[in-house]
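With mmCIF, C-alpha atoms and all ligand atoms inside, this is structure_26.cif:
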data_run
loop_
_atom_site.label_atom_id
_atom_site.label_comp_id
_atom_site.auth_asym_id
_atom_site.auth_seq_id
_atom_site.Cartn_x
_atom_site.Cartn_y
_atom_site.Cartn_z
CA MET A 1 82.89 2.20 -19.83
CA LYS A 2 83.73 0.58 -16.51
CA ILE A 3 85.97 2.36 -14.00
CA ALA A 4 87.43 0.38 -11.12
CA ASN A 5 89.77 1.06 -8.24
CA GLN A 6 92.56 -1.51 -8.42
CA ASN A 7 95.29 -1.32 -5.79
CA ASN A 8 94.09 2.22 -4.96
CA ARG A 9 94.48 3.38 -8.56
CA ALA A 10 91.66 4.31 -10.93
CA VAL A 11 91.62 2.01 -13.96
CA ILE A 12 89.48 1.54 -17.04
CA VAL A 13 88.27 -2.07 -17.17
CA ASP A 14 88.48 -3.58 -20.64
CA GLY A 15 87.38 -7.21 -20.45
CA GLU A 16 90.02 -9.13 -18.53
CA ASN A 17 92.45 -6.21 -18.66
CA THR A 18 92.77 -2.75 -17.14
CA ILE A 19 94.33 0.52 -18.24
CA ASP A 20 95.84 2.63 -15.49
CA ILE A 21 94.26 6.07 -15.93
CA ALA A 22 97.12 8.05 -14.37
CA GLU A 23 99.76 6.28 -16.46
CA ALA A 24 97.76 6.48 -19.69
CA SER A 25 97.00 10.19 -19.20
CA GLY A 26 100.54 11.15 -18.21
CA GLY A 27 99.30 12.13 -14.76
CA ARG A 28 96.46 14.33 -16.04
CA PHE A 29 93.81 12.21 -14.22
CA GLY A 30 94.05 9.94 -11.20
CA PRO A 31 95.38 7.81 -9.68
CA ASP A 32 92.85 8.59 -6.90
CA PRO A 33 89.37 7.83 -8.31
CA GLN A 34 88.11 11.03 -6.68
CA THR A 35 90.44 13.10 -8.88
CA VAL A 36 89.03 11.39 -11.98
CA LEU A 37 85.47 12.10 -10.83
CA ALA A 38 86.42 15.70 -9.96
CA GLU A 39 87.16 16.30 -13.65
CA TRP A 40 84.67 13.88 -15.07
CA ASP A 41 83.64 15.83 -18.19
CA ALA A 42 87.28 16.33 -19.22
CA PHE A 43 88.02 12.69 -18.46
CA ILE A 44 85.12 11.46 -20.62
CA ASP A 45 86.41 13.62 -23.49
CA ALA A 46 89.93 12.23 -23.07
CA ALA A 47 89.02 8.60 -22.36
CA PRO A 48 88.87 7.35 -25.98
CA SER A 49 92.48 8.42 -26.52
CA LEU A 50 93.79 6.87 -23.30
CA THR A 51 95.86 3.87 -24.20
CA GLY A 52 98.72 2.34 -22.36
CA PRO A 53 100.22 -0.88 -21.19
CA SER A 54 97.33 -3.00 -19.97
CA LYS A 55 97.49 -5.03 -16.80
CA PRO A 56 95.33 -8.03 -15.92
CA LEU A 57 92.16 -7.32 -13.99
CA ASP A 58 92.70 -8.56 -10.41
CA MET A 59 89.31 -8.83 -8.71
CA SER A 60 90.94 -9.42 -5.31
CA ALA A 61 92.68 -6.03 -5.57
CA LEU A 62 89.51 -4.02 -6.20
CA GLY A 63 88.48 -1.37 -3.69
CA ASN A 64 85.46 0.89 -3.53
CA PRO A 65 85.35 2.35 -7.08
CA THR A 66 84.93 5.94 -5.85
CA GLY A 67 87.70 6.06 -3.26
CA VAL A 68 86.70 8.23 -0.30
CA PRO A 69 84.01 10.72 -1.38
CA HIS A 70 83.31 14.08 0.25
CA GLN A 71 79.69 13.18 0.91
CA VAL A 72 77.69 9.97 1.03
CA PHE A 73 73.90 10.21 0.98
CA ALA A 74 71.68 7.24 1.72
CA ILE A 75 67.92 7.02 1.37
CA GLY A 76 65.76 4.92 3.67
CA LEU A 77 62.33 3.44 2.93
CA ASN A 78 62.60 4.06 -0.82
CA TYR A 79 60.76 0.95 -2.01
CA ARG A 80 57.08 0.63 -1.16
CA THR A 81 57.45 -3.07 -0.28
CA HIS A 82 60.33 -2.32 2.11
CA ALA A 83 58.45 0.54 3.81
CA GLU A 84 55.54 -1.88 4.33
CA GLU A 85 57.69 -4.72 5.71
CA SER A 86 59.33 -2.21 8.09
CA GLY A 87 55.89 -1.10 9.33
CA MET A 88 56.72 2.50 8.42
CA LYS A 89 54.77 5.04 6.42
CA VAL A 90 55.89 5.75 2.86
CA PRO A 91 57.69 9.09 3.27
CA GLU A 92 56.73 12.23 1.33
CA VAL A 93 60.34 13.38 1.00
CA PRO A 94 63.41 11.14 0.74
CA ALA A 95 64.32 9.82 4.23
CA THR A 96 67.99 10.80 4.18
CA PHE A 97 70.98 9.81 6.30
CA THR A 98 74.69 9.41 5.65
CA LYS A 99 77.06 6.52 5.68
CA PHE A 100 80.23 8.16 6.94
CA PRO A 101 82.78 7.98 4.08
CA THR A 102 85.33 5.90 5.99
CA SER A 103 82.78 3.08 6.34
CA LEU A 104 82.89 2.36 2.59
CA SER A 105 84.75 -0.74 1.45
CA GLY A 106 85.55 -2.87 -1.54
CA PRO A 107 83.42 -5.36 -3.48
CA PHE A 108 85.23 -8.43 -2.11
CA ASP A 109 86.17 -7.18 1.35
CA ASP A 110 85.17 -9.01 4.51
CA ILE A 111 82.31 -7.75 6.68
CA GLU A 112 83.22 -7.72 10.35
CA ILE A 113 80.16 -8.88 12.29
CA VAL A 114 79.56 -7.01 15.54
CA GLY A 115 76.69 -8.26 17.69
CA ASP A 116 73.73 -10.27 16.43
CA THR A 117 71.67 -7.72 14.50
CA VAL A 118 73.81 -7.03 11.42
CA ASP A 119 71.63 -6.94 8.31
CA TRP A 120 71.96 -6.82 4.51
CA GLU A 121 70.52 -4.19 2.12
CA VAL A 122 71.25 -4.37 -1.61
CA GLU A 123 71.19 -0.87 -3.12
CA LEU A 124 71.67 0.81 -6.46
CA VAL A 125 74.37 3.45 -5.95
CA ALA A 126 74.65 6.60 -8.09
CA VAL A 127 77.96 8.51 -8.27
CA LEU A 128 78.07 12.20 -9.16
CA GLY A 129 80.31 13.42 -11.98
CA ARG A 130 79.46 17.10 -11.67
CA ARG A 131 78.66 19.59 -8.93
CA ALA A 132 74.87 19.56 -8.63
CA ASP A 133 73.33 22.62 -7.01
CA ARG A 134 69.58 23.19 -7.43
CA VAL A 135 69.24 20.92 -10.44
CA SER A 136 65.87 19.87 -11.80
CA GLU A 137 64.71 16.27 -11.98
CA ALA A 138 64.69 16.55 -15.79
CA GLU A 139 68.39 17.40 -15.98
CA ALA A 140 69.60 15.34 -13.01
CA TRP A 141 70.83 12.25 -14.90
CA SER A 142 73.40 14.42 -16.69
CA TYR A 143 75.10 14.99 -13.31
CA VAL A 144 75.64 11.26 -12.76
CA ALA A 145 79.00 9.74 -13.74
CA GLY A 146 77.73 6.20 -13.39
CA LEU A 147 76.12 3.51 -11.30
CA THR A 148 77.52 0.82 -9.08
CA VAL A 149 76.37 -1.87 -6.65
CA GLY A 150 76.20 -1.16 -2.92
CA GLN A 151 75.50 -3.04 0.30
CA ASP A 152 74.10 -0.80 3.03
CA ILE A 153 75.20 -3.14 5.81
CA SER A 154 73.30 -2.12 8.94
CA ASP A 155 73.83 -2.80 12.63
CA ARG A 156 70.13 -2.63 13.63
CA ALA A 157 70.83 -2.41 17.37
CA LEU A 158 73.11 0.59 16.88
CA GLN A 159 70.78 2.06 14.23
CA PHE A 160 67.83 2.22 16.63
CA ALA A 161 69.83 2.98 19.78
CA ALA A 162 69.50 6.36 21.47
CA GLY A 163 66.14 6.92 19.81
CA SER A 164 67.44 6.50 16.28
CA GLN A 165 70.83 7.00 14.72
CA PHE A 166 70.76 5.60 11.21
CA SER A 167 74.04 7.22 10.17
CA LEU A 168 76.14 5.57 12.87
CA GLY A 169 74.35 2.22 12.73
CA LYS A 170 75.15 1.99 9.00
CA SER A 171 78.74 3.20 9.29
CA ARG A 172 80.69 0.56 11.11
CA ARG A 173 84.02 0.05 9.39
CA GLY A 174 83.57 -1.95 6.22
CA TYR A 175 79.75 -1.67 6.30
CA GLY A 176 79.56 -0.08 2.84
CA PRO A 177 80.85 -2.51 0.21
CA MET A 178 80.67 -0.94 -3.27
CA GLY A 179 81.63 -2.13 -6.73
CA PRO A 180 82.91 -4.07 -8.46
CA TRP A 181 83.15 -1.00 -10.72
CA LEU A 182 81.42 2.17 -11.79
CA VAL A 183 79.47 1.73 -15.04
CA THR A 184 78.76 4.80 -17.18
CA LEU A 185 75.16 5.49 -18.12
CA ASP A 186 75.63 4.86 -21.86
CA GLU A 187 76.04 1.15 -21.04
CA PHE A 188 72.42 0.80 -19.82
CA ASP A 189 69.33 0.41 -21.99
CA ASP A 190 67.31 2.04 -19.19
CA PRO A 191 69.12 3.13 -16.00
CA ASN A 192 65.72 3.62 -14.34
CA ASP A 193 64.82 -0.08 -14.48
CA LEU A 194 67.50 -2.52 -13.34
CA ALA A 195 67.12 -5.89 -11.64
CA LEU A 196 68.90 -6.01 -8.28
CA GLY A 197 69.23 -8.54 -5.51
CA CYS A 198 71.36 -10.30 -2.96
CA SER A 199 71.82 -13.73 -1.47
CA VAL A 200 73.12 -15.12 1.80
CA ASP A 201 74.95 -18.45 1.49
CA GLY A 202 73.38 -18.88 -1.94
CA GLU A 203 69.78 -18.27 -0.83
CA VAL A 204 68.26 -15.29 -2.63
CA VAL A 205 66.91 -12.93 0.03
CA GLN A 206 66.25 -9.79 -2.02
CA ASP A 207 65.08 -9.70 -5.64
CA ALA A 208 63.56 -6.53 -7.12
CA ARG A 209 63.73 -3.93 -9.85
CA SER A 210 64.83 -0.32 -9.48
CA ASP A 211 61.75 0.97 -11.30
CA ASP A 212 59.96 0.28 -7.98
CA LEU A 213 61.92 3.11 -6.34
CA ILE A 214 59.58 5.66 -4.73
CA PHE A 215 62.13 8.44 -5.32
CA SER A 216 64.06 7.78 -8.55
CA VAL A 217 67.74 8.69 -8.93
CA PRO A 218 66.91 12.01 -10.70
CA ARG A 219 64.22 12.83 -8.13
CA ILE A 220 66.67 12.17 -5.26
CA ILE A 221 69.28 14.45 -6.87
CA ALA A 222 66.69 17.19 -7.40
CA GLU A 223 65.47 16.92 -3.80
CA LEU A 224 68.94 16.78 -2.19
CA SER A 225 70.42 19.52 -4.39
CA SER A 226 67.55 21.82 -3.41
CA VAL A 227 68.96 21.66 0.13
CA LEU A 228 72.74 21.61 -0.45
CA PRO A 229 75.24 21.18 -3.29
CA LEU A 230 76.32 17.68 -4.28
CA LEU A 231 79.96 17.41 -5.31
CA PRO A 232 81.66 15.41 -8.06
CA GLY A 233 82.53 12.00 -6.64
CA ASP A 234 79.70 12.08 -4.11
CA VAL A 235 77.83 8.83 -3.58
CA ILE A 236 74.10 8.17 -3.22
CA PHE A 237 72.85 4.86 -1.82
CA THR A 238 69.29 4.90 -3.16
CA GLY A 239 67.53 2.57 -0.72
CA THR A 240 66.79 -1.13 -0.44
CA PRO A 241 63.84 -3.25 -1.57
CA SER A 242 62.02 -5.78 0.64
CA GLY A 243 63.64 -8.90 2.02
CA VAL A 244 65.95 -7.58 4.74
CA GLY A 245 66.67 -9.84 7.71
CA MET A 246 65.11 -7.51 10.30
CA ALA A 247 61.65 -7.85 8.71
CA ARG A 248 61.68 -11.65 8.54
CA LYS A 249 59.70 -13.81 10.92
CA PRO A 250 61.68 -14.79 12.85
CA PRO A 251 64.24 -12.02 12.16
CA ARG A 252 67.53 -13.06 10.59
CA ALA A 253 70.98 -11.55 10.99
CA LEU A 254 74.37 -12.08 9.41
CA ALA A 255 76.87 -14.22 11.29
CA PRO A 256 80.55 -14.99 10.81
CA GLY A 257 80.97 -17.44 7.95
CA ASN A 258 78.00 -16.17 5.92
CA VAL A 259 78.72 -15.20 2.33
CA VAL A 260 76.78 -12.21 0.98
CA GLU A 261 76.53 -11.89 -2.80
CA THR A 262 75.03 -8.72 -4.22
CA TRP A 263 74.26 -7.93 -7.85
CA ILE A 264 72.67 -5.42 -10.19
CA GLU A 265 71.81 -6.04 -13.83
CA GLY A 266 74.28 -4.42 -16.19
CA ILE A 267 76.83 -3.69 -13.44
CA GLY A 268 78.08 -6.89 -11.82
CA GLN A 269 78.30 -8.80 -8.59
CA MET A 270 80.07 -8.39 -5.25
CA ARG A 271 80.95 -11.16 -2.82
CA ASN A 272 81.60 -10.36 0.82
CA VAL A 273 82.42 -12.88 3.53
CA CYS A 274 81.25 -12.22 7.08
CA VAL A 275 83.98 -12.65 9.68
ZN ZN A 301 69.68 1.26 3.05
#

Since I need it in another form, could you write the structure as structure tokens?
Amino acid sequence: MKIANQNNRAVIVDGENTIDIAEASGGRFGPDPQTVLAEWDAFIDAAPSLTGPSKPLDMSALGNPTGVPHQVFAIGLNYRTHAEESGMKVPEVPATFTKFPTSLSGPFDDIEIVGDTVDWEVELVAVLGRRADRVSEAEAWSYVAGLTVGQDISDRALQFAAGSQFSLGKSRRGYGPMGPWLVTLDEFDDPNDLALGCSVDGEVVQDARSDDLIFSVPRIIAELSSVLPLLPGDVIFTGTPSGVGMARKPPRALAPGNVVETWIEGIGQMRNVCV
């Protein structure tokens, strides 16, 4: 099942059509995607019986499929090749920061370029469907509602200012495109091994597979939930593979007019224009 956020309302995507979850459930779930995720198990039980007038899918009206989550976790240096290109040691625990929730944006929203060090980072994003507190790696997938595509857009100058402030440098407004929808785990042959990549103006700049993650999605959930509870609707950006602009020789940065396309196998593709 694919869940999208169309005109700020959670919808089930069915081919070219959508079913409004709040309308179809008589107000039991939604319309805010966070309220669907807050009762994810009940929603999954009810979903097969949710029918209603369908409306056409309007890609231009899609927002971040999770709405505004309580917590957003992001993992740095989580692909060996990216740690190497960054000249940093492969960490022994997930290198964790946040993207502040108001920085998240939709799959076709513009990216406002500030300065000349704004960079791309394709990332697999996991969304929680249950409260996860001290869960083991073995059971962690059962806490995930689904997966989506993310861009961890990064202002490198701000990220490394004042010593280092990853959270702020990755949280300019609109610097977290997500989407186009949340895809439930039953739709994947193997959610641990998905092709992902991104292009700038049609040139592929990142191309990898998620089985190269140093800390897998279940391992990240186990590690984070050993420190604090993760809430339904929370978002985890799992880290980016090699090919970011900062590591290129010479370095590259996004500029107004660039078009960033970002995709993950089995989920879909985003398209964001830099302005
Ligand atoms: Zn990142």

Check: What is the CA of Asn192 in chain A-CA of Asn272 in chain A distance in Å, reported with one decimal?
Finding: 26.0 Å

Could you make a table, as CSV, of the residues of chain A that have an atom within 7 Å of an atom of ligand ZN 301 (chain A), each with its nearest atom pair and distance in Å to one decimal, counting only C-alpha atoms and all ligand atoms, in chain and number order?
residue,atom,partner,partner_atom,distance
A:Ala74,CA,A:ZN301,ZN,6.4
A:Ile75,CA,A:ZN301,ZN,6.3
A:Gly76,CA,A:ZN301,ZN,5.4
A:Glu121,CA,A:ZN301,ZN,5.6
A:Glu123,CA,A:ZN301,ZN,6.7
A:Asp152,CA,A:ZN301,ZN,4.9
A:Phe237,CA,A:ZN301,ZN,6.8
A:Gly239,CA,A:ZN301,ZN,4.5
A:Thr240,CA,A:ZN301,ZN,5.1

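Nearest-residue note for Met59 in chain A: choosing from A:Ser25, A:Asn78, A:Gln71, A:Asn17, the minimum distance belongs to A:Asn17, counting all atoms listed in the file.
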
Next item on the list: Go through A:Gly266, A:Pro48, A:Gly67, A:Pro91 one by one, measure the shortest atom-to-atom distance of each to Leu194 in chain A using only C-alpha atoms, and give the residue with the smallest value.
Entry: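 Of all the options, A:Gly266 lies closest to Leu194 in chain A.
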
Check: For Val11 in chain A, which of A:Tyr143, A:Phe188, A:Phe108, A:Trp181 is the closest residue, counting only C-alpha atoms?
Finding: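 Smallest separation from Val11 in chain A among the options: A:Trp181.
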
Next item on the list: Find the spatial neighbours of range 97-104 of chain A, counting only C-alpha atoms, within a cut-off of 7 Å - ignore same-chain residues fewer than 4 positions away - and output them as a PyMOL selection string.
Entry: chain A and resi 64+68-69+71-75+166-167+170-177

Next item on the list: Quick one: pull the distance between CA of Asp201 in chain A and CA of Asp155 in chain A, Å, one decimal.
Entry: 19.2 Å

Item checked: Atomic distance CA of Asn7 in chain A - CA of Ser54 in chain A, expressed in Å with one decimal ->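 Spanning CA of Asn7 in chain A to CA of Ser54 in chain A is a straight-line distance of 14.4 Å.
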
Next item on the list: Find, counting all atoms listed in the file, the residue in A:Val149, A:Ala157, A:Val125, A:Ile44 that gets nearest to Val217 in chain A.
Entry: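 Answer, going by the shortest atom-to-atom distance: A:Val125.
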
Item checked: Among the residues A:Gly52, A:Gly15, A:Gly197, A:Gly106, the one that comes closest to Val122 in chain A [using all atoms listed in the file] -> A:Gly197

Item checked: Among the residues A:Thr262, A:Ser164, A:Ser105, A:Thr117, the one that comes closest to Thr66 in chain A [using all atoms listed in the file] ->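 For Thr66 in chain A, the nearest of the given residues is A:Ser105.
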
Note to self: Give me, as a PyMOL selection string, all polymer residues having an atom no more than 10 Å from Phe215 in chain A, counting only C-alpha atoms and skipping those fewer than 3 positions away in the same chain.
What the structure shows: chain A and resi 75+77-79+91-95+211-212+218-221+223+238-239

Item checked: Selection: 6 Å around range 28-34 of chain A, all atoms listed in the file, excl. self and same-chain fewer than 4 positions, as a PyMOL selection string -> chain A and resi 9-10+22+38+66-67+233

Kindly export the residues of the current selection with C-alpha atoms, as a PDB file, keeping the file's coordinate frame.
ATOM      1  CA  ARG A   9      94.480   3.380  -8.560  1.00  0.00           C
ATOM      2  CA  ALA A  10      91.660   4.310 -10.930  1.00  0.00           C
ATOM      3  CA  ALA A  22      97.120   8.050 -14.370  1.00  0.00           C
ATOM      4  CA  ALA A  38      86.420  15.700  -9.960  1.00  0.00           C
ATOM      5  CA  THR A  66      84.930   5.940  -5.850  1.00  0.00           C
ATOM      6  CA  GLY A  67      87.700   6.060  -3.260  1.00  0.00           C
ATOM      7  CA  GLY A 233      82.530  12.000  -6.640  1.00  0.00           C
TER       8      GLY A 233
END

Return as AutoDock Vina command-line options the centre and edge lengths, in Å with one decimal, of the box along x, y and z that encloses every atom of range 160-176 of chain A in the file, padded by 8 Å per side.
--center_x 75.1 --center_y 2.6 --center_z 12.2 --size_x 33.9 --size_y 25.2 --size_z 34.6

Next item on the list: Find the residues near Asp14 in chain A: any atom within 9 Å, counting all atoms listed in the file, skip ones fewer than 4 places away on the same chain, and give them as a list in words.
Entry: Met1, Lys2, Thr18, Ile19, Ser54 and Leu57 of chain A

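Residues in contact with Glu16 in chain A at up to 9 Å, not including ones fewer than 4 positions away on its chain and judged by all atoms listed in the file, are A:Lys55, A:Pro56, A:Leu57, A:Asp58.
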